[in-house]
There are 2 protein chains.
Amino acid sequence: MNFVLKGNICYSKTLQELEIKENSYLICEGGISKGVFSKIPDKYIGLPVTDYSDNIIIPGLCDLHIHAPQYTFRGLGMNLQLLDWLNTHTFVEESRYDDLDYADKAYSAFVEDLKLSAVTRASIFATLHTSATILLMEKLEKTGLITMVGKVNMDRNSSDILCEESPQKSYENTKKWIEEVIGKFKNTTPIITPRFIPTCTDELLTKLKELQKTYKLPVQSHLSESKKEIEWVKELYPDSESYGDAYNQFGLFGGKDTPTIMAHCVWSKDSEEDLLKNQDVYVAHCPQSNTNLSSGIAPIRRFLKRGIHIGLGSDVAAGCHTSIFRAMSDAIQVSKLYWRLVDQEDEPLTENEAFYLGTLGGGSFFGKVGSFDEGYEFDAIVIDDSSLATPYKSPQKLTIEDRLAKIIYFHNDNSIRGKYVRGNKII
Amino acid sequence: MNFVLKGNICYSKTLQELEIKENSYLICEGGISKGVFSKIPDKYIGLPVTDYSDNIIIPGLCDLHIHAPQYTFRGLGMNLQLLDWLNTHTFVEESRYDDLDYADKAYSAFVEDLKLSAVTRASIFATLHTSATILLMEKLEKTGLITMVGKVNMDRNSSDILCEESPQKSYENTKKWIEEVIGKFKNTTPIITPRFIPTCTDELLTKLKELQKTYKLPVQSHLSESKKEIEWVKELYPDSESYGDAYNQFGLFGGKDTPTIMAHCVWSKDSEEDLLKNQDVYVAHCPQSNTNLSSGIAPIRRFLKRGIHIGLGSDVAAGCHTSIFRAMSDAIQVSKLYWRLVDQEDEPLTENEAFYLGTLGGGSFFGKVGSFDEGYEFDAIVIDDSSLATPYKSPQKLTIEDRLAKIIYFHNDNSIRGKYVRGNKII
């Protein structure tokens, strides 16, 4: 766990500030970064050095929103919008996870892909099935990745084939699941996961808060993704000020002891933005998903200006691609269209800003994660970008920043040469 | 040149109608398709059969707009808008093609990539340099691809390092180039290529029309890509009804004997749309480029409703990716955002429609191209999609249409098992 990596080191210090240290040394001690140096400080001389020569070393990427059971049908049903897509594809596929043999095969494929990707941390939705969720967690634990996994709760307005029989039963199963997994794993922890307001009764939400408090767990769910969904929530909770407020009434919307991720926030309005900000909720920005389901474009620049926490999510399978580099380029691209078509006050995201969102932006939900400054947990990815859209030895020398941009647009997982999570080498 | 391919055959008959023939036979005679059959008709029995078993066979894809010299800097400068991007990156890089050694290396890489891609036909911008353009054409000819290539014309408002010295000189060089290449190649033909209105004097445009008429050549250029560019054209031609009208005044905007491709058309207005329609101009829709340069979203559904011809363009390097499958998924995605954010009368494109645009839609610019109906030129791609986002043998059998959707979202060139152009096997 004590070692040195050498290469071109690149990470975000803030949204604006990208730190680039060419041909430098990154020190890991006890799973923690001791910083980046142009020569190895005396006290670390003697540690084993892995020389990645001209490769680029960046913090591991964080996926704040992904549905493991949806991995199997990426790219299907993309002509539908959210509520139809849920009923036609998602609920049908998720219902299969009642069958542990099926779950075993499908989750194995998902977990293997995640392991080989540039992601080191993820917050994951499973299904409502307790056994399959535990199986998923066991598989994830073996990879060395650090993940939060949620057994999903849904006890109304769901499909016949995918609905818990009562709030009490949902509560009991969730409690049983938490007790089985809490403390069992080193890297894999439970997160309270009401699917979304429309599929959870008041009684269930109340009980989930109770579990959240008892076991001191974080929370994840969906918020203000599509217009129809928001109207539906308004019908269900006519007195709520916003969709976010509906969660908040049950204590499931951030605040001091309730770390929370809310995916999407495409159509959050002023008072909801205030809540996101004041309660320190993390927005999982899922640009490709929001595009594929014709939901819209989340106003990320505005959120950033307001100081709202933001990370990126692949949102597989509403997003087709698991790659968080792809999420970065999607985030840049939709922010340009937002600027052009919606609000010219909200300048497009730059590549450096998108890189921040996919590393430190989302990483901070997991603690001191997403940077190489001293004291951060040591999650690192080593990328050999020599074959990425670099057709020949150009006379034009690319800067590390140029090369990072190319990685954002062209990365594929085959170019990963090393992957470290909390100092453990997993690739 | 006479043979049979067996596999799952899939092509567009019209924008709406996707023809799917599982486990069928596609007949090629003299480079022309004789149609698709569930068993080989008597008169073709005895022709050699290549059995591609469960692979999918589709028409070759058409790229209506790509800049060969920009291939080298894909992914760079993406934080700029059109006019700044041209001055900072594009003109600098294109000026290098004065050096034939450089052109040789850079164009070799471009051509090799295009050969290995799913594209069988392309309309290509070179640079203003005659020798390098001829070199590019020689390289393309060797691949077996069928392409139109333009020596670019630009004699004003360009960079010091990339501007022809006078309209007369530009004309002379263009004439010399045409005479050298016309009839020289089987598959590679010249296309008249004024860069865009702002960089071409009236005198040059007049002379280009003369060349177009003399040699009966098609025309390609850029139209209504970004707002600043349109304002600029309006300043240059205050009396023109539209940007398109400015081309039209010089006879370079479609019509019976002037087949024309105009890239972009993001901000075409009513009278320009009328011109596009009435003059049978092809729109090269370049969704990723229009996003990357923050230009906007072209109203493709509206164009389709008006019966305007549309194909897809990668527009490398304003588009990062050479893949026309990526252009299909980009086209779908931006059409969803257009529908959501701009005009709910214009429904999003479906996958089948995007597939049409990338095959028959653009293909028809090249003649009877882009379909497997009898009489079409035999351009075909064979795709082994078994590893594309299909994590394991799912119990759910995917339809060919599902598999085509997955190809659109996940294709990479490694999955191409065969490539035929006018009946010649080139991969």
# chains A, B, ... in the order shown; residues from 1 in each chain; ligands from 1
>>> interface_residues(of="chain B", to="chain A", cutoff="6 Å", atoms="only C-alpha atoms", output="tab-separated table (two decimals) with N, CA and C atoms, in the first residue's frame")
chain	number	residue	atom	x	y	z
B	75	GLY	N	-11.04	16.38	-31.64
B	75	GLY	CA	-11.08	16.47	-30.17
B	75	GLY	C	-10.35	17.67	-29.60
B	109	ALA	N	-3.23	8.19	-42.88
B	109	ALA	CA	-3.95	7.78	-41.66
B	109	ALA	C	-5.46	7.97	-41.85
B	291	THR	N	-23.27	20.61	-32.39
B	291	THR	CA	-23.26	20.63	-30.93
B	291	THR	C	-21.90	21.11	-30.42
B	294	SER	N	-21.28	24.69	-30.60
B	294	SER	CA	-22.39	25.45	-30.01
B	294	SER	C	-23.23	26.15	-31.07
B	333	GLN	N	-30.40	11.87	-30.86
B	333	GLN	CA	-30.35	12.56	-29.56
B	333	GLN	C	-30.64	14.05	-29.69
B	336	LYS	N	-34.28	14.80	-30.21
B	336	LYS	CA	-35.08	14.72	-28.99
B	336	LYS	C	-35.00	16.04	-28.21
B	391	PRO	N	-24.06	-8.53	-23.01
B	391	PRO	CA	-23.15	-9.04	-21.99
B	391	PRO	C	-23.13	-10.56	-21.86
B	406	LYS	N	-28.86	-1.44	-31.31
B	406	LYS	CA	-27.62	-1.59	-30.54
B	406	LYS	C	-26.40	-1.23	-31.39
>>> residues_around(residues="Ser38 in chain B", least_positions_apart="4", cutoff="10 Å", atoms="only C-alpha atoms", output="NGL selection string")
:B and (6 or 21-26)
>>> write_last_selection(atoms="C-alpha atoms", output="tab-separated table (two decimals), in the first residue's frame")
chain	number	residue	atom	x	y	z
B	6	LYS	CA	-26.22	-14.91	-46.73
B	21	LYS	CA	-35.03	-10.33	-44.02
B	22	GLU	CA	-33.64	-12.80	-41.56
B	23	ASN	CA	-31.42	-15.58	-42.76
B	24	SER	CA	-31.74	-14.55	-46.39
B	25	TYR	CA	-29.76	-14.22	-49.60
B	26	LEU	CA	-28.54	-10.99	-51.14
>>> select_by_dssp(residues="range 238-346 of chain A", states="helix (DSSP H, G or I)", output="ChimeraX atom specification")
/A:243-249,270-278,287-292,300-306,324-341
>>> atom_distance(atom1="CA of Ile416 in chain A", atom2="CA of Gly358 in chain A")
16.5 Å
>>> residues_around(residues="Lys213 in chain B", least_positions_apart="5", cutoff="9 Å", atoms="only C-alpha atoms", output="list in words")
Leu208, Asp257 and Thr258 of chain B
>>> write_last_selection(atoms="all heavy atoms", output="short mmCIF file (atom, residue, chain, number, x, y, z; two decimals), in the first residue's frame")
data_model
loop_
_atom_site.label_atom_id
_atom_site.label_comp_id
_atom_site.auth_asym_id
_atom_site.auth_seq_id
_atom_site.Cartn_x
_atom_site.Cartn_y
_atom_site.Cartn_z
N LEU B 208 -16.04 29.67 -60.50
CA LEU B 208 -16.31 28.29 -60.08
C LEU B 208 -17.56 27.76 -60.79
O LEU B 208 -17.63 26.59 -61.17
CB LEU B 208 -16.48 28.20 -58.56
CG LEU B 208 -15.19 28.39 -57.74
CD1 LEU B 208 -15.49 28.33 -56.25
CD2 LEU B 208 -14.14 27.33 -58.11
N ASP B 257 -28.81 20.77 -63.19
CA ASP B 257 -27.50 20.27 -63.59
C ASP B 257 -26.41 20.56 -62.56
O ASP B 257 -25.23 20.51 -62.88
CB ASP B 257 -27.11 20.89 -64.94
CG ASP B 257 -28.12 20.51 -66.01
OD1 ASP B 257 -28.44 19.32 -66.10
OD2 ASP B 257 -28.61 21.42 -66.72
N THR B 258 -26.82 20.89 -61.35
CA THR B 258 -25.83 21.26 -60.34
C THR B 258 -26.10 20.55 -59.02
O THR B 258 -26.53 21.15 -58.04
CB THR B 258 -25.85 22.81 -60.13
OG1 THR B 258 -25.89 23.46 -61.40
CG2 THR B 258 -24.62 23.27 -59.36
#
>>> atom_distance(atom1="CA of Val316 in chain B", atom2="CA of His89 in chain B")
12.7 Å
>>> atom_distance(atom1="CA of Leu140 in chain B", atom2="CA of Gly370 in chain B")
19.9 Å
>>> residues_around(residues="Gly361 in chain B", least_positions_apart="4", cutoff="9 Å", atoms="only C-alpha atoms", output="list in words")
Thr14, Leu15, Cys62, His309, Ile310, Gly311, Leu312, Phe355, Tyr356, Leu357, Phe365 and Gly370 of chain B
>>> write_last_selection(atoms="all heavy atoms", output="compact mmCIF listing (two decimals), in the first residue's frame")
# COMPACT_ATOMS: atom_id res chain seq x y z
N THR B 14 -37.83 3.22 -47.38
CA THR B 14 -38.18 4.64 -47.33
C THR B 14 -37.79 5.12 -45.93
O THR B 14 -37.30 4.33 -45.11
CB THR B 14 -39.70 4.86 -47.49
OG1 THR B 14 -40.35 4.25 -46.36
CG2 THR B 14 -40.22 4.24 -48.77
N LEU B 15 -38.06 6.39 -45.67
CA LEU B 15 -37.77 6.92 -44.33
C LEU B 15 -38.47 6.08 -43.25
O LEU B 15 -37.89 5.80 -42.20
CB LEU B 15 -38.27 8.38 -44.26
CG LEU B 15 -38.12 9.08 -42.91
CD1 LEU B 15 -36.65 9.29 -42.57
CD2 LEU B 15 -38.84 10.44 -42.92
N CYS B 62 -23.01 6.38 -45.78
CA CYS B 62 -22.56 7.53 -46.57
C CYS B 62 -22.26 8.71 -45.67
O CYS B 62 -23.10 9.10 -44.86
CB CYS B 62 -23.65 7.93 -47.56
SG CYS B 62 -24.03 6.59 -48.69
N HIS B 309 -33.98 16.77 -49.24
CA HIS B 309 -33.05 15.64 -49.18
C HIS B 309 -32.08 15.81 -48.01
O HIS B 309 -31.48 16.86 -47.86
CB HIS B 309 -32.19 15.57 -50.45
CG HIS B 309 -32.96 15.35 -51.70
ND1 HIS B 309 -33.65 14.19 -51.97
CD2 HIS B 309 -33.18 16.17 -52.76
CE1 HIS B 309 -34.23 14.29 -53.15
NE2 HIS B 309 -33.97 15.48 -53.66
N ILE B 310 -31.89 14.73 -47.24
CA ILE B 310 -30.98 14.81 -46.10
C ILE B 310 -30.12 13.56 -45.99
O ILE B 310 -30.62 12.44 -46.10
CB ILE B 310 -31.75 14.97 -44.77
CG1 ILE B 310 -32.68 16.17 -44.84
CG2 ILE B 310 -30.78 15.13 -43.59
CD1 ILE B 310 -33.65 16.24 -43.70
N GLY B 311 -28.84 13.78 -45.78
CA GLY B 311 -27.93 12.70 -45.41
C GLY B 311 -27.18 13.12 -44.17
O GLY B 311 -27.36 14.22 -43.65
N LEU B 312 -26.32 12.23 -43.69
CA LEU B 312 -25.55 12.55 -42.48
C LEU B 312 -24.10 12.87 -42.82
O LEU B 312 -23.55 12.35 -43.78
CB LEU B 312 -25.59 11.38 -41.50
CG LEU B 312 -26.98 11.03 -40.95
CD1 LEU B 312 -26.88 9.80 -40.04
CD2 LEU B 312 -27.59 12.20 -40.18
N PHE B 355 -31.17 5.61 -39.36
CA PHE B 355 -30.51 4.62 -40.23
C PHE B 355 -30.76 4.95 -41.70
O PHE B 355 -29.85 4.89 -42.53
CB PHE B 355 -31.05 3.22 -39.87
CG PHE B 355 -30.45 2.11 -40.68
CD1 PHE B 355 -29.14 1.71 -40.46
CD2 PHE B 355 -31.19 1.46 -41.66
CE1 PHE B 355 -28.57 0.68 -41.22
CE2 PHE B 355 -30.64 0.44 -42.42
CZ PHE B 355 -29.33 0.05 -42.19
N TYR B 356 -31.98 5.31 -42.01
CA TYR B 356 -32.30 5.75 -43.38
C TYR B 356 -31.41 6.92 -43.80
O TYR B 356 -30.84 6.93 -44.89
CB TYR B 356 -33.78 6.16 -43.46
CG TYR B 356 -34.13 6.95 -44.69
CD1 TYR B 356 -34.49 6.31 -45.89
CD2 TYR B 356 -34.07 8.35 -44.68
CE1 TYR B 356 -34.79 7.05 -47.02
CE2 TYR B 356 -34.36 9.08 -45.82
CZ TYR B 356 -34.72 8.43 -46.99
OH TYR B 356 -35.00 9.16 -48.12
N LEU B 357 -31.28 7.92 -42.92
CA LEU B 357 -30.48 9.11 -43.28
C LEU B 357 -29.04 8.73 -43.59
O LEU B 357 -28.44 9.28 -44.51
CB LEU B 357 -30.51 10.14 -42.14
CG LEU B 357 -31.85 10.79 -41.83
CD1 LEU B 357 -31.67 11.80 -40.69
CD2 LEU B 357 -32.44 11.47 -43.05
N PHE B 365 -27.52 10.73 -53.16
CA PHE B 365 -26.71 11.76 -53.82
C PHE B 365 -25.72 11.12 -54.80
O PHE B 365 -25.32 11.74 -55.78
CB PHE B 365 -25.94 12.60 -52.78
CG PHE B 365 -25.23 13.79 -53.39
CD1 PHE B 365 -25.94 14.91 -53.77
CD2 PHE B 365 -23.86 13.77 -53.61
CE1 PHE B 365 -25.30 16.01 -54.36
CE2 PHE B 365 -23.20 14.86 -54.20
CZ PHE B 365 -23.93 15.97 -54.57
N GLY B 370 -27.51 2.92 -51.42
CA GLY B 370 -28.03 3.00 -50.05
C GLY B 370 -29.16 2.04 -49.77
O GLY B 370 -29.74 2.06 -48.69
>>> closest_residue(among="A:Ile124, A:Ile57, A:Met154, A:Ile197", to="Phe91 in chain A", atoms="only C-alpha atoms")
A:Met154
>>> closest_residue(among="B:Leu236, B:Leu145, B:Leu5, B:Val281", to="His222 in chain B", atoms="only C-alpha atoms")
B:Val281
>>> residues_around(residues="Tyr376 in chain A", least_positions_apart="3", cutoff="8 Å", atoms="only C-alpha atoms", output="list of chain:residue names")
A:Ile32, A:Ser33, A:Lys34, A:Lys368, A:Val369, A:Gly370, A:Ser371, A:Phe372, A:Asp373
>>> residues_around(residues="Ser224 in chain A", least_positions_apart="4", cutoff="6 Å", atoms="only C-alpha atoms", output="list in words")
Ile230, Cys265, Val266, Trp267 and Ser268 of chain A
